[in-house]
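Source file: model_6.pdb; contents: PDB, C-alpha atoms and all ligand atoms.
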ATOM      1  CA  MET A 618     -78.669   6.835  41.455
ATOM      2  CA  LYS A 619     -76.811   6.433  44.713
ATOM      3  CA  ILE A 620     -76.192   2.756  45.374
ATOM      4  CA  ILE A 621     -74.682   1.462  48.582
ATOM      5  CA  VAL A 622     -72.381  -1.528  48.108
ATOM      6  CA  LEU A 623     -72.107  -3.737  51.173
ATOM      7  CA  ASN A 624     -68.748  -5.422  50.614
ATOM      8  CA  GLY A 625     -68.626  -8.840  52.245
ATOM      9  CA  SER A 626     -64.981  -9.701  51.657
ATOM     10  CA  PRO A 627     -62.842  -9.389  54.779
ATOM     11  CA  LYS A 628     -59.754  -8.732  52.641
ATOM     12  CA  GLY A 629     -60.226  -4.968  52.416
ATOM     13  CA  VAL A 630     -59.681  -3.311  49.045
ATOM     14  CA  LYS A 631     -57.509  -6.123  47.651
ATOM     15  CA  ASN A 632     -60.268  -8.616  47.032
ATOM     16  CA  VAL A 633     -61.780 -10.200  43.967
ATOM     17  CA  THR A 634     -65.368  -9.151  44.689
ATOM     18  CA  LEU A 635     -64.455  -5.490  44.761
ATOM     19  CA  GLN A 636     -62.884  -5.735  41.285
ATOM     20  CA  TYR A 637     -66.332  -6.719  39.951
ATOM     21  CA  VAL A 638     -67.888  -3.752  41.748
ATOM     22  CA  ARG A 639     -65.247  -1.493  40.178
ATOM     23  CA  TYR A 640     -66.031  -3.010  36.776
ATOM     24  CA  LEU A 641     -69.732  -2.180  37.318
ATOM     25  CA  GLN A 642     -68.803   1.371  38.296
ATOM     26  CA  GLY A 643     -66.703   1.620  35.127
ATOM     27  CA  ILE A 644     -69.531   0.628  32.801
ATOM     28  CA  HIS A 645     -72.160   2.675  34.686
ATOM     29  CA  PRO A 646     -70.340   5.918  35.494
ATOM     30  CA  ARG A 647     -73.520   7.966  35.944
ATOM     31  CA  HIS A 648     -74.401   6.000  39.060
ATOM     32  CA  GLU A 649     -72.644   6.640  42.342
ATOM     33  CA  LEU A 650     -71.507   3.439  44.049
ATOM     34  CA  LYS A 651     -70.542   3.981  47.662
ATOM     35  CA  ILE A 652     -68.660   0.998  49.046
ATOM     36  CA  ILE A 653     -68.859   0.082  52.717
ATOM     37  CA  HIS A 654     -66.382  -2.559  53.883
ATOM     38  CA  ILE A 655     -68.641  -4.590  56.134
ATOM     39  CA  SER A 656     -66.607  -7.696  56.907
ATOM     40  CA  GLN A 657     -63.287  -5.906  57.336
ATOM     41  CA  TYR A 658     -64.728  -3.449  59.874
ATOM     42  CA  ILE A 659     -67.216  -5.717  61.653
ATOM     43  CA  ARG A 660     -65.682  -4.980  65.099
ATOM     44  CA  LYS A 661     -66.150  -1.248  64.497
ATOM     45  CA  ILE A 662     -69.738  -1.878  63.393
ATOM     46  CA  GLU A 663     -70.339  -3.951  66.541
ATOM     47  CA  ASN A 664     -68.878  -1.392  68.931
ATOM     48  CA  ASP A 665     -69.141   2.069  67.414
ATOM     49  CA  ASP A 666     -72.756   3.241  67.290
ATOM     50  CA  ARG A 667     -71.812   6.501  65.565
ATOM     51  CA  TYR A 668     -70.274   4.508  62.725
ATOM     52  CA  VAL A 669     -73.449   2.400  62.496
ATOM     53  CA  GLN A 670     -75.509   5.588  62.349
ATOM     54  CA  SER A 671     -73.375   6.840  59.433
ATOM     55  CA  ILE A 672     -74.026   3.557  57.569
ATOM     56  CA  VAL A 673     -77.752   3.845  58.295
ATOM     57  CA  ALA A 674     -77.728   7.451  57.028
ATOM     58  CA  ASP A 675     -76.011   6.343  53.809
ATOM     59  CA  ILE A 676     -78.587   3.606  53.300
ATOM     60  CA  ARG A 677     -81.444   6.011  54.026
ATOM     61  CA  THR A 678     -80.287   8.437  51.318
ATOM     62  CA  SER A 679     -79.583   5.718  48.736
ATOM     63  CA  GLN A 680     -81.824   4.415  45.988
ATOM     64  CA  GLY A 681     -80.486   0.869  46.101
ATOM     65  CA  ILE A 682     -78.356  -1.645  47.976
ATOM     66  CA  LEU A 683     -75.937  -4.096  46.375
ATOM     67  CA  TRP A 684     -74.976  -7.067  48.523
ATOM     68  CA  ALA A 685     -71.528  -7.836  47.052
ATOM     69  CA  THR A 686     -69.769 -10.730  48.694
ATOM     70  CA  PRO A 687     -67.588 -13.763  48.116
ATOM     71  CA  VAL A 688     -68.916 -17.227  48.921
ATOM     72  CA  TYR A 689     -66.994 -18.639  51.870
ATOM     73  CA  ASP A 690     -67.634 -22.116  53.284
ATOM     74  CA  LEU A 691     -70.840 -22.662  51.283
ATOM     75  CA  LEU A 692     -72.330 -19.366  52.458
ATOM     76  CA  VAL A 693     -71.220 -15.780  53.018
ATOM     77  CA  PRO A 694     -68.276 -14.820  55.285
ATOM     78  CA  ALA A 695     -69.055 -15.061  59.007
ATOM     79  CA  ASN A 696     -68.492 -11.320  59.506
ATOM     80  CA  TYR A 697     -71.152 -10.599  56.876
ATOM     81  CA  LYS A 698     -73.587 -12.889  58.686
ATOM     82  CA  ARG A 699     -72.755 -11.042  61.897
ATOM     83  CA  PHE A 700     -73.594  -7.737  60.182
ATOM     84  CA  ILE A 701     -76.980  -9.148  59.185
ATOM     85  CA  GLU A 702     -77.588 -10.061  62.839
ATOM     86  CA  LEU A 703     -76.526  -6.568  63.902
ATOM     87  CA  ILE A 704     -79.088  -4.938  61.588
ATOM     88  CA  ALA A 705     -81.805  -6.350  63.843
ATOM     89  CA  GLU A 706     -79.862  -5.987  67.106
ATOM     90  CA  LYS A 707     -79.320  -2.288  66.437
ATOM     91  CA  ASP A 708     -82.966  -1.739  65.395
ATOM     92  CA  SER A 709     -81.915  -0.758  61.873
ATOM     93  CA  THR A 710     -84.278  -2.948  59.840
ATOM     94  CA  PRO A 711     -86.695  -0.107  58.876
ATOM     95  CA  VAL A 712     -84.065   1.695  56.801
ATOM     96  CA  PHE A 713     -83.794  -1.309  54.451
ATOM     97  CA  SER A 714     -87.540  -1.623  53.943
ATOM     98  CA  GLY A 715     -88.716  -0.809  50.422
ATOM     99  CA  LYS A 716     -85.192  -0.322  49.005
ATOM    100  CA  TYR A 717     -84.306  -1.836  45.654
ATOM    101  CA  THR A 718     -81.660  -4.511  46.086
ATOM    102  CA  ALA A 719     -79.517  -7.034  44.204
ATOM    103  CA  VAL A 720     -76.893  -9.639  45.037
ATOM    104  CA  LEU A 721     -73.460 -10.114  43.448
ATOM    105  CA  THR A 722     -71.192 -12.969  44.500
ATOM    106  CA  THR A 723     -67.795 -14.212  43.422
ATOM    107  CA  SER A 724     -66.845 -17.828  43.996
ATOM    108  CA  ILE A 725     -65.689 -21.026  42.361
ATOM    109  CA  HIS A 726     -69.400 -21.953  42.000
ATOM    110  CA  PHE A 727     -69.374 -24.486  44.795
ATOM    111  CA  PHE A 728     -72.652 -24.088  46.690
ATOM    112  CA  ASP A 729     -72.943 -20.477  45.563
ATOM    113  CA  HIS A 730     -76.692 -21.147  45.295
ATOM    114  CA  THR A 731     -76.932 -21.541  49.082
ATOM    115  CA  ALA A 732     -75.390 -18.093  49.539
ATOM    116  CA  HIS A 733     -77.823 -16.651  46.989
ATOM    117  CA  ASN A 734     -80.820 -18.327  48.608
ATOM    118  CA  TYR A 735     -79.709 -17.062  52.004
ATOM    119  CA  LEU A 736     -79.284 -13.461  50.861
ATOM    120  CA  ARG A 737     -82.570 -13.574  48.966
ATOM    121  CA  ALA A 738     -84.314 -14.661  52.178
ATOM    122  CA  ILE A 739     -82.595 -11.858  54.129
ATOM    123  CA  CYS A 740     -83.784  -9.318  51.533
ATOM    124  CA  ASP A 741     -87.324 -10.682  51.870
ATOM    125  CA  ASP A 742     -87.113 -10.538  55.685
ATOM    126  CA  LEU A 743     -85.992  -6.913  55.421
ATOM    127  CA  ASN A 744     -88.947  -6.191  53.111
ATOM    128  CA  MET A 745     -86.624  -5.071  50.296
ATOM    129  CA  LYS A 746     -87.454  -4.940  46.582
ATOM    130  CA  TYR A 747     -85.229  -7.745  45.306
ATOM    131  CA  ILE A 748     -84.440  -7.392  41.610
ATOM    132  CA  GLY A 749     -82.005 -10.269  41.036
ATOM    133  CA  SER A 750     -78.593 -11.769  41.538
ATOM    134  CA  TYR A 751     -75.429 -12.645  39.648
ATOM    135  CA  SER A 752     -72.888 -15.307  40.497
ATOM    136  CA  ALA A 753     -69.504 -14.449  38.983
ATOM    137  CA  ASP A 754     -66.618 -16.864  38.843
ATOM    138  CA  ARG A 755     -63.548 -15.493  40.597
ATOM    139  CA  TYR A 756     -61.637 -15.502  37.296
ATOM    140  CA  ASP A 757     -64.365 -14.142  34.986
ATOM    141  CA  LEU A 758     -62.777 -10.713  34.710
ATOM    142  CA  LEU A 759     -59.550 -12.318  33.459
ATOM    143  CA  ASN A 760     -61.322 -13.962  30.521
ATOM    144  CA  THR A 761     -60.690 -12.001  27.361
ATOM    145  CA  LYS A 762     -62.837 -14.246  25.156
ATOM    146  CA  GLU A 763     -66.606 -14.480  25.405
ATOM    147  CA  LYS A 764     -67.846 -17.949  26.320
ATOM    148  CA  VAL A 765     -70.207 -19.572  23.783
TER
HETATM  149  C1  LIG T 801     -61.958 -19.494  53.274
HETATM  150  C2  LIG T 801     -62.530 -19.602  51.884
HETATM  151  C3  LIG T 801     -63.674 -20.362  51.680
HETATM  152  C4  LIG T 801     -64.231 -20.480  50.399
HETATM  153  N1  LIG T 801     -65.354 -21.228  50.231
HETATM  154  C5  LIG T 801     -65.928 -21.294  48.996
HETATM  155  C6  LIG T 801     -67.123 -22.057  48.817
HETATM  156  O1  LIG T 801     -67.655 -22.682  49.720
HETATM  157  N2  LIG T 801     -67.661 -22.083  47.562
HETATM  158  C7  LIG T 801     -67.093 -21.437  46.500
HETATM  159  O2  LIG T 801     -67.656 -21.517  45.414
HETATM  160  N3  LIG T 801     -65.964 -20.696  46.644
HETATM  161  C8  LIG T 801     -65.369 -20.624  47.858
HETATM  162  N4  LIG T 801     -64.219 -19.889  48.031
HETATM  163  C9  LIG T 801     -63.653 -19.153  46.885
HETATM  164  C10 LIG T 801     -64.029 -17.673  46.968
HETATM  165  O3  LIG T 801     -65.430 -17.507  46.981
HETATM  166  C11 LIG T 801     -63.493 -16.880  45.754
HETATM  167  O4  LIG T 801     -62.106 -17.041  45.670
HETATM  168  C12 LIG T 801     -63.859 -15.415  45.862
HETATM  169  O5  LIG T 801     -63.745 -14.809  44.587
HETATM  170  C13 LIG T 801     -62.991 -14.660  46.858
HETATM  171  O6  LIG T 801     -63.438 -13.319  46.883
HETATM  172  P1  LIG T 801     -62.705 -12.154  47.689
HETATM  173  O7  LIG T 801     -61.303 -12.048  47.165
HETATM  174  O8  LIG T 801     -63.536 -10.942  47.367
HETATM  175  O9  LIG T 801     -62.733 -12.492  49.148
HETATM  176  C14 LIG T 801     -63.642 -19.797  49.298
HETATM  177  C15 LIG T 801     -62.472 -19.026  49.520
HETATM  178  C16 LIG T 801     -61.935 -18.935  50.792
HETATM  179  C17 LIG T 801     -60.672 -18.094  51.006
END
File written out as C-alpha cells:
Amino acid sequence: MKIIVLNGSPKGVKNVTLQYVRYLQGIHPRHELKIIHISQYIRKIENDDRYVQSIVADIRTSQGILWATPVYDLLVPANYKRFIELIAEKDSTPVFSGKYTAVLTTSIHFFDHTAHNYLRAICDDLNMKYIGSYSADRYDLLNTKEKV
C-alpha cells in the first residue's frame, strides 16, 4: 500500500513525530510511506500551485493518509491548521474523499484529546474513512521496558 504521511512538525526531519513514522516504516516494510513535510513548507504550499498539484497527485494515487503531527498549544501546529484551510481554498477536498485515514500524534499528553477530536472532525468533513488514532508520548520510543 502507498500511504501518504502528512508530517505536522515544523522542525523538518529532526522531529520526534517523524521517528515514530520511521518506526512504523521499519515494522511494516512492505508498505510505502511517503512523507510530506507540511508544516515546514507551508509557505511553499501557500504560494506554489505546482507543488500543491504534486501533493494532490500523491494523495490521489495513495491508498491511505496518515495525519502525523505533534500536539502544540493544545491542538496541532498552526502551519498544519493552515494546510487544512488551504485544502478547501485550493479546491482540493475531493481528492481526500473516500480515502482510508488514521491519526498519529506525539505529545506530553496534555490536551492531546483536543487535537485528536479536531483531526477526527476534519477527516469527517473531508468524507474520509477514519480507522483510528494513536497518541504516543514523546519519549515512548526511548522506553526499553514494556509498561504493565
Ligand atoms: C511550542 C510547543 C507547544 C507544545 N504544546 C503541547 C501541548 O499543548 N500538549 C502536549 O501534550 N504537548 C505539547 N508539546 C510537546 C510536544 O507535543 C512534544 O514534544 C512532541 O513530541 C514534539 O514533536 P515534534 O518534535 O515532532 O515537533 C508542545 C511542544 C512545543 C515545542
task = Select the residues contacting ligand LIG 801 (chain T) at a distance of at most 10 Å, based on all atoms listed in the file, then format the selection as an NGL selection string.
result = :A and (624-637 or 656 or 685-694 or 722-732 or 752-757)
query = Mind pulling up the distance from CA of Ile655 (chain A) to CA of Asn696 (chain A)?
reply = 7.5 Å
query = In Å, with one decimal, what is the gap from CA of Asp675 (chain A) to CA of Tyr717 (chain A)?
reply = 14.2 Å
note = Restricting to only C-alpha atoms, whichever of A:Ser679, A:Lys762, A:Glu649, A:Lys707 is closest to Arg667 (chain A) is A:Lys707
ask   = Using only C-alpha atoms, which of A:Thr678, A:Asn760, A:Asn744, A:Asn734 sits nearest Thr710 (chain A)?
value = A:Asn744
ask   = With all atoms listed in the file as the atoms that count, which of A:Leu736, A:Leu743, A:Val622, A:Leu758 lies nearest to Phe713 (chain A)?
value =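 Smallest separation from Phe713 (chain A) among the options: A:Leu743.
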query = Can you tell me, as a PyMOL selection string, which residues sit within 12 Å of (-73.1, 2.0, 42.1) in the file's frame, using all atoms listed in the file?
reply = chain A and resi 618-623+635+637-653+679-685+718-719
key: Distance of CA of Val720 (chain A) from CA of Lys746 (chain A), expressed in Å to one decimal place   = 11.7 Å
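Counting only C-alpha atoms, the residue from A:Ile676, A:Leu703, A:His733, A:Lys698 that sits nearest to Gly715 (chain A) is A:Ile676.
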task = Kindly resolve the PyMOL selection byres (((chain A and resi 662-665) around 12) and not hetatm) on the present coordinates and return the residues as a list in words.
result =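 So the PyMOL selection byres (((chain A and resi 662-665) around 12) and not hetatm), applied here, picks out Ile653, His654, Ile655, Ser656, Gln657, Tyr658, Ile659, Arg660, Lys661, Asp666, Arg667, Tyr668, Val669, Gln670, Ser671, Ile672, Val673, Asn696, Tyr697, Arg699, Phe700, Ile701, Glu702, Leu703, Ile704, Glu706 and Lys707 of chain A.
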Final all heavy atoms of region 622-633 of chain A as an mmCIF file, keeping the file's coordinate frame:
data_model
loop_
_atom_site.group_PDB
_atom_site.id
_atom_site.type_symbol
_atom_site.label_atom_id
_atom_site.label_comp_id
_atom_site.auth_asym_id
_atom_site.auth_seq_id
_atom_site.Cartn_x
_atom_site.Cartn_y
_atom_site.Cartn_z
ATOM 1 N N VAL A 622 -72.930 -0.187 48.297
ATOM 2 C CA VAL A 622 -72.381 -1.528 48.108
ATOM 3 C C VAL A 622 -71.913 -2.038 49.463
ATOM 4 O O VAL A 622 -71.044 -1.421 50.098
ATOM 5 C CB VAL A 622 -71.190 -1.507 47.114
ATOM 6 C CG1 VAL A 622 -70.599 -2.903 46.971
ATOM 7 C CG2 VAL A 622 -71.618 -0.947 45.773
ATOM 8 N N LEU A 623 -72.505 -3.132 49.906
ATOM 9 C CA LEU A 623 -72.107 -3.737 51.173
ATOM 10 C C LEU A 623 -71.100 -4.835 50.859
ATOM 11 O O LEU A 623 -71.465 -5.941 50.444
ATOM 12 C CB LEU A 623 -73.345 -4.281 51.903
ATOM 13 C CG LEU A 623 -74.418 -3.226 52.245
ATOM 14 C CD1 LEU A 623 -75.676 -3.889 52.795
ATOM 15 C CD2 LEU A 623 -73.887 -2.185 53.219
ATOM 16 N N ASN A 624 -69.815 -4.498 51.005
ATOM 17 C CA ASN A 624 -68.748 -5.422 50.614
ATOM 18 C C ASN A 624 -68.541 -6.486 51.685
ATOM 19 O O ASN A 624 -68.201 -6.179 52.831
ATOM 20 C CB ASN A 624 -67.455 -4.623 50.385
ATOM 21 C CG ASN A 624 -66.255 -5.518 50.136
ATOM 22 O OD1 ASN A 624 -66.392 -6.653 49.672
ATOM 23 N ND2 ASN A 624 -65.068 -5.020 50.442
ATOM 24 N N GLY A 625 -68.718 -7.744 51.282
ATOM 25 C CA GLY A 625 -68.626 -8.840 52.245
ATOM 26 C C GLY A 625 -67.252 -9.442 52.398
ATOM 27 O O GLY A 625 -67.025 -10.242 53.308
ATOM 28 N N SER A 626 -66.303 -9.072 51.530
ATOM 29 C CA SER A 626 -64.981 -9.701 51.657
ATOM 30 C C SER A 626 -64.216 -9.085 52.814
ATOM 31 O O SER A 626 -64.144 -7.860 52.939
ATOM 32 C CB SER A 626 -64.170 -9.543 50.373
ATOM 33 O OG SER A 626 -62.901 -10.155 50.579
ATOM 34 N N PRO A 627 -63.623 -9.932 53.660
ATOM 35 C CA PRO A 627 -62.842 -9.389 54.779
ATOM 36 C C PRO A 627 -61.450 -8.912 54.366
ATOM 37 O O PRO A 627 -60.688 -8.445 55.194
ATOM 38 C CB PRO A 627 -62.750 -10.586 55.736
ATOM 39 C CG PRO A 627 -62.877 -11.780 54.871
ATOM 40 C CD PRO A 627 -63.703 -11.390 53.665
ATOM 41 N N LYS A 628 -61.128 -9.031 53.065
ATOM 42 C CA LYS A 628 -59.754 -8.732 52.641
ATOM 43 C C LYS A 628 -59.510 -7.254 52.351
ATOM 44 O O LYS A 628 -58.483 -6.916 51.779
ATOM 45 C CB LYS A 628 -59.431 -9.533 51.382
ATOM 46 C CG LYS A 628 -59.433 -11.025 51.561
ATOM 47 C CD LYS A 628 -59.033 -11.665 50.246
ATOM 48 C CE LYS A 628 -59.462 -13.093 50.145
ATOM 49 N NZ LYS A 628 -59.484 -13.553 48.744
ATOM 50 N N GLY A 629 -60.446 -6.382 52.687
ATOM 51 C CA GLY A 629 -60.226 -4.968 52.416
ATOM 52 C C GLY A 629 -60.343 -4.665 50.937
ATOM 53 O O GLY A 629 -61.171 -5.258 50.248
ATOM 54 N N VAL A 630 -59.521 -3.725 50.450
ATOM 55 C CA VAL A 630 -59.681 -3.311 49.045
ATOM 56 C C VAL A 630 -59.070 -4.311 48.066
ATOM 57 O O VAL A 630 -59.397 -4.306 46.887
ATOM 58 C CB VAL A 630 -59.096 -1.905 48.791
ATOM 59 C CG1 VAL A 630 -59.901 -0.855 49.510
ATOM 60 C CG2 VAL A 630 -57.634 -1.823 49.185
ATOM 61 N N LYS A 631 -58.149 -5.171 48.563
ATOM 62 C CA LYS A 631 -57.509 -6.123 47.651
ATOM 63 C C LYS A 631 -58.277 -7.426 47.636
ATOM 64 O O LYS A 631 -57.813 -8.458 48.117
ATOM 65 C CB LYS A 631 -56.061 -6.356 48.066
ATOM 66 C CG LYS A 631 -55.169 -5.191 47.748
ATOM 67 C CD LYS A 631 -53.719 -5.534 47.937
ATOM 68 C CE LYS A 631 -52.858 -4.350 47.529
ATOM 69 N NZ LYS A 631 -51.466 -4.508 47.891
ATOM 70 N N ASN A 632 -59.504 -7.379 47.118
ATOM 71 C CA ASN A 632 -60.268 -8.616 47.032
ATOM 72 C C ASN A 632 -60.929 -8.720 45.666
ATOM 73 O O ASN A 632 -61.116 -7.716 44.967
ATOM 74 C CB ASN A 632 -61.292 -8.710 48.170
ATOM 75 C CG ASN A 632 -62.366 -7.652 48.074
ATOM 76 O OD1 ASN A 632 -63.294 -7.782 47.296
ATOM 77 N ND2 ASN A 632 -62.229 -6.584 48.840
ATOM 78 N N VAL A 633 -61.244 -9.934 45.300
ATOM 79 C CA VAL A 633 -61.780 -10.200 43.967
ATOM 80 C C VAL A 633 -63.151 -9.537 43.776
ATOM 81 O O VAL A 633 -63.421 -8.906 42.758
ATOM 82 C CB VAL A 633 -61.881 -11.726 43.727
ATOM 83 C CG1 VAL A 633 -62.611 -12.036 42.439
ATOM 84 C CG2 VAL A 633 -60.493 -12.353 43.727
#
